[in-house]
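File shown: protein.cif. Contents: mmCIF, C-alpha atoms.
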```cif
data_input
#
loop_
_atom_site.label_atom_id
_atom_site.label_comp_id
_atom_site.auth_asym_id
_atom_site.auth_seq_id
_atom_site.Cartn_x
_atom_site.Cartn_y
_atom_site.Cartn_z
CA MET A 1 -21.48 -87.78 18.34
CA ASP A 2 -23.18 -86.32 21.40
CA TYR A 3 -21.35 -83.96 23.75
CA VAL A 4 -21.58 -82.90 27.37
CA THR A 5 -20.75 -79.35 28.45
CA LEU A 6 -18.43 -79.25 31.45
CA ASN A 7 -18.87 -76.79 34.30
CA ASN A 8 -16.43 -74.34 32.67
CA GLY A 9 -18.15 -74.41 29.26
CA VAL A 10 -15.75 -76.84 27.57
CA LYS A 11 -17.48 -79.45 25.39
CA MET A 12 -16.47 -83.09 25.80
CA PRO A 13 -17.57 -86.06 23.67
CA ILE A 14 -19.85 -88.35 25.68
CA LEU A 15 -18.14 -91.33 24.04
CA GLY A 16 -14.37 -91.73 23.96
CA TYR A 17 -11.70 -94.39 23.56
CA GLY A 18 -9.64 -95.65 26.52
CA VAL A 19 -6.14 -97.14 26.25
CA TYR A 20 -5.83 -98.80 29.66
CA GLN A 21 -3.94 -102.11 29.52
CA ILE A 22 -2.37 -101.47 26.11
CA PRO A 23 1.26 -101.06 27.25
CA ASP A 24 2.76 -102.23 23.95
CA LEU A 25 3.52 -98.94 22.21
CA GLU A 26 3.18 -100.20 18.64
CA GLU A 27 -0.16 -101.85 19.39
CA CYS A 28 -1.41 -98.79 21.27
CA GLU A 29 -0.47 -96.50 18.38
CA ARG A 30 -2.31 -98.76 15.95
CA CYS A 31 -5.36 -98.92 18.21
CA VAL A 32 -5.58 -95.15 18.62
CA LEU A 33 -5.23 -94.66 14.86
CA ASP A 34 -8.00 -97.23 14.32
CA ALA A 35 -10.22 -95.51 16.88
CA ILE A 36 -9.72 -92.10 15.29
CA SER A 37 -10.45 -93.55 11.84
CA VAL A 38 -13.71 -95.01 13.20
CA GLY A 39 -14.73 -91.55 14.42
CA TYR A 40 -13.59 -91.34 18.05
CA ARG A 41 -12.33 -87.88 18.95
CA SER A 42 -11.77 -88.34 22.68
CA ILE A 43 -8.76 -90.40 23.80
CA ASP A 44 -8.15 -91.27 27.46
CA THR A 45 -4.68 -92.24 28.68
CA ALA A 46 -2.65 -91.89 31.90
CA GLN A 47 0.93 -91.63 33.08
CA VAL A 48 0.74 -95.06 34.69
CA TYR A 49 -0.49 -96.70 31.47
CA ARG A 50 2.98 -96.09 30.03
CA ASN A 51 1.63 -95.40 26.54
CA GLU A 52 1.40 -91.61 26.32
CA GLU A 53 4.14 -91.59 23.64
CA ALA A 54 2.12 -93.99 21.47
CA VAL A 55 -1.00 -91.86 21.84
CA GLY A 56 1.01 -88.78 20.87
CA ARG A 57 2.40 -90.45 17.75
CA ALA A 58 -1.05 -91.62 16.70
CA ILE A 59 -2.46 -88.11 17.13
CA LYS A 60 0.26 -86.71 14.87
CA LYS A 61 -0.19 -89.44 12.25
CA SER A 62 -3.99 -89.24 12.22
CA GLY A 63 -4.05 -85.95 10.35
CA VAL A 64 -7.08 -84.83 12.40
CA PRO A 65 -6.79 -81.17 13.46
CA ARG A 66 -5.77 -80.83 17.11
CA GLU A 67 -8.83 -78.72 17.95
CA GLU A 68 -11.11 -81.60 16.92
CA LEU A 69 -9.54 -83.96 19.46
CA PHE A 70 -10.16 -84.21 23.20
CA ILE A 71 -7.12 -85.68 25.00
CA THR A 72 -7.13 -86.78 28.63
CA THR A 73 -4.28 -87.98 30.82
CA LYS A 74 -3.86 -88.46 34.57
CA VAL A 75 -1.27 -87.70 37.27
CA TRP A 76 -0.17 -90.87 39.05
CA ILE A 77 0.23 -91.28 42.82
CA SER A 78 4.03 -91.31 42.80
CA ASN A 79 3.99 -87.97 40.94
CA ALA A 80 1.77 -86.35 43.56
CA GLY A 81 2.64 -83.06 45.23
CA TYR A 82 2.98 -79.56 43.82
CA GLU A 83 6.50 -79.70 42.34
CA LYS A 84 6.44 -83.34 41.22
CA ALA A 85 3.02 -82.94 39.64
CA LYS A 86 4.18 -79.86 37.71
CA ALA A 87 7.18 -81.74 36.35
CA SER A 88 5.05 -84.77 35.46
CA ILE A 89 2.51 -82.62 33.59
CA GLU A 90 5.28 -81.11 31.48
CA GLU A 91 6.59 -84.62 30.81
CA SER A 92 3.13 -85.82 29.77
CA LEU A 93 2.76 -82.89 27.37
CA LYS A 94 6.15 -83.75 25.88
CA LYS A 95 5.33 -87.44 25.50
CA LEU A 96 1.97 -86.63 23.93
CA GLN A 97 3.61 -83.98 21.69
CA LEU A 98 0.91 -81.50 22.70
CA ASP A 99 0.89 -77.81 23.58
CA TYR A 100 -2.12 -78.27 25.82
CA LEU A 101 -4.34 -80.95 27.35
CA ASP A 102 -8.12 -80.99 27.12
CA LEU A 103 -8.54 -82.73 30.47
CA LEU A 104 -6.14 -83.65 33.26
CA LEU A 105 -7.22 -85.79 36.20
CA ILE A 106 -5.69 -86.82 39.51
CA HIS A 107 -5.66 -90.58 39.01
CA GLN A 108 -6.11 -91.74 42.62
CA PRO A 109 -7.06 -89.99 45.89
CA PHE A 110 -3.76 -90.79 47.63
CA ASN A 111 -0.47 -89.06 48.51
CA ASP A 112 -0.40 -85.27 48.31
CA TYR A 113 -3.24 -84.85 45.86
CA TYR A 114 -3.91 -81.35 47.17
CA GLY A 115 -0.45 -80.33 46.00
CA SER A 116 -1.13 -81.96 42.65
CA TYR A 117 -4.41 -80.10 42.30
CA ARG A 118 -2.74 -76.76 43.06
CA ALA A 119 -0.26 -77.45 40.24
CA MET A 120 -3.13 -78.40 37.93
CA GLU A 121 -5.01 -75.22 38.82
CA GLU A 122 -1.95 -73.20 37.77
CA PHE A 123 -1.71 -74.95 34.39
CA TYR A 124 -5.46 -74.48 33.96
CA LYS A 125 -5.33 -70.76 34.68
CA LYS A 126 -2.45 -70.38 32.20
CA GLY A 127 -4.50 -72.10 29.50
CA LYS A 128 -2.26 -75.18 29.25
CA ILE A 129 -5.13 -77.41 30.39
CA ARG A 130 -8.70 -76.77 29.29
CA ALA A 131 -10.31 -78.64 32.20
CA ILE A 132 -9.12 -80.37 35.38
CA GLY A 133 -10.68 -83.03 37.54
CA VAL A 134 -10.22 -86.23 39.48
CA SER A 135 -10.55 -89.97 39.15
CA ASN A 136 -11.61 -92.58 41.71
CA PHE A 137 -12.67 -89.95 44.24
CA TYR A 138 -15.49 -91.39 46.32
CA PRO A 139 -18.07 -88.85 47.59
CA ASP A 140 -16.24 -88.20 50.88
CA ARG A 141 -12.91 -87.23 49.29
CA TYR A 142 -14.63 -85.54 46.36
CA ILE A 143 -16.61 -83.23 48.69
CA ASP A 144 -13.47 -82.46 50.71
CA LEU A 145 -11.56 -81.41 47.58
CA VAL A 146 -14.46 -79.30 46.29
CA GLN A 147 -14.75 -77.45 49.60
CA PHE A 148 -11.08 -76.47 49.72
CA SER A 149 -10.13 -75.77 46.10
CA ASP A 150 -10.42 -72.74 43.85
CA VAL A 151 -11.49 -74.72 40.78
CA VAL A 152 -14.35 -77.20 41.11
CA PRO A 153 -13.40 -80.49 39.36
CA ALA A 154 -14.91 -80.60 35.88
CA VAL A 155 -14.91 -84.41 35.81
CA ASN A 156 -14.76 -87.33 38.24
CA GLN A 157 -13.92 -90.61 36.50
CA VAL A 158 -15.10 -93.56 38.58
CA GLU A 159 -15.97 -97.23 38.13
CA THR A 160 -19.45 -97.10 36.59
CA HIS A 161 -21.37 -99.86 34.84
CA VAL A 162 -24.74 -101.59 35.05
CA PHE A 163 -23.74 -103.47 38.22
CA ASN A 164 -22.28 -100.41 39.96
CA GLN A 165 -24.28 -97.45 38.69
CA GLN A 166 -22.98 -94.77 41.10
CA ALA A 167 -26.40 -93.12 41.41
CA GLU A 168 -25.66 -91.66 44.86
CA ALA A 169 -22.20 -90.41 43.86
CA GLN A 170 -23.67 -88.84 40.73
CA LYS A 171 -26.10 -86.82 42.87
CA TYR A 172 -23.22 -85.22 44.80
CA MET A 173 -21.33 -84.46 41.59
CA LYS A 174 -24.39 -82.83 40.04
CA LYS A 175 -24.65 -80.42 42.99
CA ASP A 176 -21.34 -78.88 41.94
CA GLY A 177 -21.67 -79.42 38.21
CA THR A 178 -19.00 -82.12 38.06
CA GLN A 179 -19.39 -84.51 35.13
CA ILE A 180 -19.35 -88.21 35.99
CA GLU A 181 -17.24 -90.33 33.64
CA SER A 182 -17.21 -94.11 33.59
CA TRP A 183 -14.17 -96.31 33.61
CA GLY A 184 -14.90 -100.01 33.11
CA PRO A 185 -18.29 -99.50 31.41
CA PHE A 186 -18.39 -103.24 30.64
CA ALA A 187 -17.10 -104.22 34.11
CA GLU A 188 -14.44 -106.09 32.09
CA GLY A 189 -17.08 -108.77 31.56
CA ARG A 190 -17.42 -109.52 35.27
CA ASN A 191 -20.69 -110.70 36.81
CA GLY A 192 -21.54 -112.25 33.44
CA LEU A 193 -22.23 -108.89 31.82
CA PHE A 194 -21.86 -110.18 28.26
CA THR A 195 -24.41 -112.94 28.84
CA ASN A 196 -26.82 -110.98 31.04
CA PRO A 197 -30.38 -111.94 30.04
CA THR A 198 -31.86 -108.50 30.76
CA LEU A 199 -29.32 -106.71 28.57
CA LYS A 200 -29.64 -109.42 25.93
CA GLU A 201 -33.43 -109.14 25.72
CA ILE A 202 -33.43 -105.35 25.60
CA GLY A 203 -30.61 -105.29 23.05
CA GLU A 204 -32.38 -107.75 20.76
CA HIS A 205 -35.46 -105.53 20.79
CA HIS A 206 -33.33 -102.76 19.25
CA SER A 207 -31.18 -105.09 17.11
CA LYS A 208 -28.21 -104.12 19.26
CA SER A 209 -25.57 -106.09 21.17
CA ILE A 210 -25.31 -106.41 24.93
CA ALA A 211 -22.27 -104.12 24.85
CA GLN A 212 -24.14 -101.44 22.92
CA THR A 213 -27.08 -101.70 25.31
CA ALA A 214 -24.80 -101.32 28.35
CA LEU A 215 -23.17 -98.23 26.83
CA ARG A 216 -26.48 -96.71 25.77
CA PHE A 217 -27.82 -97.06 29.32
CA LEU A 218 -24.92 -95.04 30.71
CA ILE A 219 -25.06 -92.43 27.94
CA GLN A 220 -28.78 -91.85 28.54
CA ARG A 221 -27.94 -91.20 32.20
CA GLY A 222 -25.58 -88.45 31.01
CA ILE A 223 -22.44 -90.44 31.84
CA VAL A 224 -19.32 -90.09 29.70
CA VAL A 225 -17.99 -93.52 28.64
CA ILE A 226 -14.56 -94.58 27.36
CA PRO A 227 -14.80 -98.24 26.29
CA LYS A 228 -11.57 -99.94 25.30
CA SER A 229 -11.04 -102.58 22.64
CA THR A 230 -8.03 -103.56 20.55
CA HIS A 231 -10.28 -104.82 17.73
CA LYS A 232 -11.48 -102.31 15.15
CA ASN A 233 -14.81 -104.10 14.60
CA ARG A 234 -15.54 -103.79 18.33
CA MET A 235 -14.54 -100.14 18.26
CA GLU A 236 -17.08 -99.64 15.48
CA GLU A 237 -19.74 -101.53 17.43
CA ASN A 238 -19.11 -99.47 20.57
CA PHE A 239 -19.26 -96.27 18.51
CA ASN A 240 -22.62 -97.17 16.96
CA VAL A 241 -24.83 -96.28 19.92
CA PHE A 242 -26.47 -93.03 18.84
CA ASP A 243 -29.14 -94.41 16.51
CA PHE A 244 -31.42 -95.91 19.16
CA GLU A 245 -32.92 -94.97 22.50
CA LEU A 246 -33.92 -97.07 25.48
CA THR A 247 -37.44 -96.58 26.80
CA ALA A 248 -38.14 -95.51 30.37
CA GLU A 249 -39.24 -99.08 31.10
CA GLU A 250 -36.02 -100.51 29.68
CA MET A 251 -33.95 -98.00 31.65
CA GLY A 252 -35.82 -99.11 34.77
CA LYS A 253 -35.12 -102.77 34.13
CA ILE A 254 -31.40 -102.11 33.72
CA SER A 255 -31.41 -99.89 36.82
CA GLY A 256 -32.55 -103.00 38.67
CA LEU A 257 -29.21 -104.69 37.91
CA ASP A 258 -27.38 -102.28 40.23
CA THR A 259 -25.69 -104.01 43.17
CA GLY A 260 -24.20 -100.80 44.53
CA LYS A 261 -20.90 -102.65 44.92
CA THR A 262 -17.59 -102.57 43.11
CA ALA A 263 -16.79 -105.36 40.66
CA PHE A 264 -13.08 -104.72 41.12
CA PHE A 265 -11.72 -103.28 44.38
CA SER A 266 -12.60 -100.74 47.04
CA HIS A 267 -10.51 -97.69 47.86
CA TYR A 268 -11.65 -98.16 51.45
CA ASP A 269 -9.84 -101.52 51.57
CA PRO A 270 -6.39 -101.14 53.20
CA LYS A 271 -4.93 -103.86 50.97
CA THR A 272 -6.06 -101.96 47.87
CA VAL A 273 -4.49 -98.77 49.19
CA GLU A 274 -1.23 -100.59 49.92
CA LEU A 275 -1.20 -102.01 46.40
CA LEU A 276 -1.95 -98.71 44.66
CA THR A 277 0.34 -96.51 46.72
CA GLY A 278 3.19 -99.00 46.37
CA HIS A 279 3.08 -98.80 42.55
CA LYS A 280 5.78 -96.35 41.50
CA LEU A 281 6.41 -94.96 38.04
#
```
Rewritten as structure tokens:
Amino acid sequence: MDYVTLNNGVKMPILGYGVYQIPDLEECERCVLDAISVGYRSIDTAQVYRNEEAVGRAIKKSGVPREELFITTKVWISNAGYEKAKASIEESLKKLQLDYLDLLLIHQPFNDYYGSYRAMEEFYKKGKIRAIGVSNFYPDRYIDLVQFSDVVPAVNQVETHVFNQQAEAQKYMKKDGTQIESWGPFAEGRNGLFTNPTLKEIGEHHSKSIAQTALRFLIQRGIVVIPKSTHKNRMEENFNVFDFELTAEEMGKISGLDTGKTAFFSHYDPKTVELLTGHKL
């Protein structure tokens, strides 16, 4: 496993396992146990995924020492604000059966996220959270938060894949030492990712799959990835990306796939904002 060092010195695996869209608690628990058995040590969940309890049970059952695991969760929009965020963080810790979190993110840049961040800074300074950051913060809101906060976000988790490579956003994050983390590294198969001829050709050259090639491209750009699968064989495939390296020419070819556009939705779209802010826990 390769690691990145966050701007506060904390080490984070560059490859983790995400549990988005696994709301069934029994299935989620099984998936996390499978992922840990494969070798994953970073698990990414969120309050709005409604599966923190399952992740917590799997952590306990895995038998892996707590200090070897890197656990991330996220504060949802309806829990925003100083007091509500504090209460929700305590609830997340309880559901996860943890004494501390490795990483806590603000899930979306809406509602009183400044109040949420102040609460997170308090937990961080008390040692209850090892690193804090944000998710889905586009450069404008990211810069605003950096300028008016005591603790620079350690991580910004944003939609990042071969079709939306976030090169410009990554430049702004690098200025302040914020680690870019990818959600949706496979774009959920959109834009024909799993049949893309460029990825297929490059992957075949290394005897690797399209999925492995897409992950390797991001990892070589220093991007943390958290692919999700409910199938253990796919988990193993996604984990097996550290025994090959893409050439500069291959990296250039894949860079050419970038459209600079979202494959999902834009946070600048009023309809998206209405949808997200209307989703209560």
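Proximity to Gly256 (chain A) was assessed for A:Thr160, A:Gln165, A:Thr73, A:Ser37 counting all atoms listed in the file; the smallest distance is recorded for A:Gln165.
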Residues in the PyMOL selection byres ((chain A and resi 257) around 12), expressed as a PyMOL selection string: chain A and resi 161-165+191-193+196-199+214+217+250-256+258-261
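Picture a line from CA of Ile202 (chain A) to CA of Arg216 (chain A); it runs 11.1 Å.
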Neighbour residues at most 6 Å from (-3.5, -88.3, 19.6) (only C-alpha atoms) as JSON, numbers by chain: {"A": [55, 56, 58, 59]}
Residue IDs satisfying the PyMOL selection byres ((chain A and resi 175-180) around 12), as a PyMOL selection string: chain A and resi 3-14+103+131-139+142-143+145-147+151-161+165-174+181-183+218-219+221-226
Neighbour residues at most 9 Å from (-5.7, -96.1, 21.2) (all atoms listed in the file) as an MDAnalysis selection string: chainID A and resid 17:20 22 27:36 43:45 54:55 58 228:230
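Our summary of the geometry notes that CA of Leu215 (chain A) is positioned 27.1 Å from CA of Trp76 (chain A).
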Starting from the incomplete input, reconstruct N, CA and C atoms of region 15-46 of chain A and report them as a PDB file, in the frame of the given file.
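As written to disk, out-v4.pdb reads:
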```pdb
ATOM      1  N   LEU A  15     -18.739 -90.034  24.333  1.00  0.00           N
ATOM      2  CA  LEU A  15     -18.140 -91.330  24.040  1.00  0.00           C
ATOM      3  C   LEU A  15     -16.692 -91.128  23.616  1.00  0.00           C
ATOM      4  N   GLY A  16     -15.780 -91.827  24.289  1.00  0.00           N
ATOM      5  CA  GLY A  16     -14.370 -91.730  23.960  1.00  0.00           C
ATOM      6  C   GLY A  16     -13.740 -93.111  23.878  1.00  0.00           C
ATOM      7  N   TYR A  17     -12.447 -93.124  23.664  1.00  0.00           N
ATOM      8  CA  TYR A  17     -11.700 -94.390  23.560  1.00  0.00           C
ATOM      9  C   TYR A  17     -10.626 -94.417  24.642  1.00  0.00           C
ATOM     10  N   GLY A  18     -10.616 -95.491  25.443  1.00  0.00           N
ATOM     11  CA  GLY A  18      -9.640 -95.650  26.520  1.00  0.00           C
ATOM     12  C   GLY A  18      -8.521 -96.595  26.130  1.00  0.00           C
ATOM     13  N   VAL A  19      -7.301 -96.315  26.611  1.00  0.00           N
ATOM     14  CA  VAL A  19      -6.140 -97.140  26.250  1.00  0.00           C
ATOM     15  C   VAL A  19      -5.527 -97.840  27.460  1.00  0.00           C
ATOM     16  N   TYR A  20      -6.312 -98.052  28.495  1.00  0.00           N
ATOM     17  CA  TYR A  20      -5.830 -98.800  29.660  1.00  0.00           C
ATOM     18  C   TYR A  20      -5.499-100.233  29.240  1.00  0.00           C
ATOM     19  N   GLN A  21      -4.400-100.744  29.787  1.00  0.00           N
ATOM     20  CA  GLN A  21      -3.940-102.110  29.520  1.00  0.00           C
ATOM     21  C   GLN A  21      -3.554-102.342  28.058  1.00  0.00           C
ATOM     22  N   ILE A  22      -3.005-101.297  27.425  1.00  0.00           N
ATOM     23  CA  ILE A  22      -2.370-101.470  26.110  1.00  0.00           C
ATOM     24  C   ILE A  22      -0.954-100.905  26.235  1.00  0.00           C
ATOM     25  N   PRO A  23      -0.079-101.593  27.002  1.00  0.00           N
ATOM     26  CA  PRO A  23       1.260-101.060  27.250  1.00  0.00           C
ATOM     27  C   PRO A  23       2.204-101.163  26.052  1.00  0.00           C
ATOM     28  N   ASP A  24       1.920-102.102  25.128  1.00  0.00           N
ATOM     29  CA  ASP A  24       2.760-102.230  23.950  1.00  0.00           C
ATOM     30  C   ASP A  24       2.572-100.994  23.071  1.00  0.00           C
ATOM     31  N   LEU A  25       3.649-100.239  22.878  1.00  0.00           N
ATOM     32  CA  LEU A  25       3.520 -98.940  22.210  1.00  0.00           C
ATOM     33  C   LEU A  25       3.087 -99.051  20.758  1.00  0.00           C
ATOM     34  N   GLU A  26       3.589-100.046  20.047  1.00  0.00           N
ATOM     35  CA  GLU A  26       3.180-100.200  18.640  1.00  0.00           C
ATOM     36  C   GLU A  26       1.703-100.549  18.537  1.00  0.00           C
ATOM     37  N   GLU A  27       1.252-101.464  19.412  1.00  0.00           N
ATOM     38  CA  GLU A  27      -0.160-101.850  19.390  1.00  0.00           C
ATOM     39  C   GLU A  27      -1.041-100.678  19.793  1.00  0.00           C
ATOM     40  N   CYS A  28      -0.618 -99.927  20.805  1.00  0.00           N
ATOM     41  CA  CYS A  28      -1.410 -98.790  21.270  1.00  0.00           C
ATOM     42  C   CYS A  28      -1.526 -97.739  20.169  1.00  0.00           C
ATOM     43  N   GLU A  29      -0.433 -97.465  19.484  1.00  0.00           N
ATOM     44  CA  GLU A  29      -0.470 -96.500  18.380  1.00  0.00           C
ATOM     45  C   GLU A  29      -1.446 -96.951  17.298  1.00  0.00           C
ATOM     46  N   ARG A  30      -1.397 -98.215  16.967  1.00  0.00           N
ATOM     47  CA  ARG A  30      -2.310 -98.760  15.950  1.00  0.00           C
ATOM     48  C   ARG A  30      -3.757 -98.653  16.414  1.00  0.00           C
ATOM     49  N   CYS A  31      -3.996 -98.970  17.680  1.00  0.00           N
ATOM     50  CA  CYS A  31      -5.360 -98.920  18.210  1.00  0.00           C
ATOM     51  C   CYS A  31      -5.925 -97.502  18.198  1.00  0.00           C
ATOM     52  N   VAL A  32      -5.108 -96.532  18.594  1.00  0.00           N
ATOM     53  CA  VAL A  32      -5.580 -95.150  18.620  1.00  0.00           C
ATOM     54  C   VAL A  32      -5.855 -94.657  17.193  1.00  0.00           C
ATOM     55  N   LEU A  33      -4.991 -95.022  16.259  1.00  0.00           N
ATOM     56  CA  LEU A  33      -5.230 -94.660  14.860  1.00  0.00           C
ATOM     57  C   LEU A  33      -6.518 -95.298  14.346  1.00  0.00           C
ATOM     58  N   ASP A  34      -6.749 -96.556  14.709  1.00  0.00           N
ATOM     59  CA  ASP A  34      -8.000 -97.230  14.320  1.00  0.00           C
ATOM     60  C   ASP A  34      -9.202 -96.508  14.921  1.00  0.00           C
ATOM     61  N   ALA A  35      -9.098 -96.172  16.201  1.00  0.00           N
ATOM     62  CA  ALA A  35     -10.220 -95.510  16.880  1.00  0.00           C
ATOM     63  C   ALA A  35     -10.537 -94.168  16.237  1.00  0.00           C
ATOM     64  N   ILE A  36      -9.500 -93.401  15.923  1.00  0.00           N
ATOM     65  CA  ILE A  36      -9.720 -92.100  15.290  1.00  0.00           C
ATOM     66  C   ILE A  36     -10.337 -92.283  13.904  1.00  0.00           C
ATOM     67  N   SER A  37      -9.895 -93.312  13.178  1.00  0.00           N
ATOM     68  CA  SER A  37     -10.450 -93.550  11.840  1.00  0.00           C
ATOM     69  C   SER A  37     -11.921 -93.954  11.910  1.00  0.00           C
ATOM     70  N   VAL A  38     -12.311 -94.625  13.000  1.00  0.00           N
ATOM     71  CA  VAL A  38     -13.710 -95.010  13.200  1.00  0.00           C
ATOM     72  C   VAL A  38     -14.575 -93.780  13.484  1.00  0.00           C
ATOM     73  N   GLY A  39     -13.975 -92.769  14.117  1.00  0.00           N
ATOM     74  CA  GLY A  39     -14.730 -91.550  14.420  1.00  0.00           C
ATOM     75  C   GLY A  39     -14.554 -91.036  15.838  1.00  0.00           C
ATOM     76  N   TYR A  40     -13.841 -91.795  16.681  1.00  0.00           N
ATOM     77  CA  TYR A  40     -13.590 -91.340  18.050  1.00  0.00           C
ATOM     78  C   TYR A  40     -12.751 -90.062  18.006  1.00  0.00           C
ATOM     79  N   ARG A  41     -13.095 -89.116  18.865  1.00  0.00           N
ATOM     80  CA  ARG A  41     -12.330 -87.880  18.950  1.00  0.00           C
ATOM     81  C   ARG A  41     -11.822 -87.617  20.366  1.00  0.00           C
ATOM     82  N   SER A  42     -12.241 -88.451  21.304  1.00  0.00           N
ATOM     83  CA  SER A  42     -11.770 -88.340  22.680  1.00  0.00           C
ATOM     84  C   SER A  42     -10.922 -89.567  23.007  1.00  0.00           C
ATOM     85  N   ILE A  43      -9.682 -89.329  23.454  1.00  0.00           N
ATOM     86  CA  ILE A  43      -8.760 -90.400  23.800  1.00  0.00           C
ATOM     87  C   ILE A  43      -8.337 -90.238  25.252  1.00  0.00           C
ATOM     88  N   ASP A  44      -8.452 -91.311  26.028  1.00  0.00           N
ATOM     89  CA  ASP A  44      -8.150 -91.270  27.460  1.00  0.00           C
ATOM     90  C   ASP A  44      -6.936 -92.139  27.759  1.00  0.00           C
ATOM     91  N   THR A  45      -5.871 -91.512  28.273  1.00  0.00           N
ATOM     92  CA  THR A  45      -4.680 -92.240  28.680  1.00  0.00           C
ATOM     93  C   THR A  45      -4.301 -91.826  30.097  1.00  0.00           C
ATOM     94  N   ALA A  46      -3.108 -92.223  30.551  1.00  0.00           N
ATOM     95  CA  ALA A  46      -2.650 -91.890  31.900  1.00  0.00           C
ATOM     96  C   ALA A  46      -1.149 -92.141  31.980  1.00  0.00           C
TER      97      ALA A  46
END
```
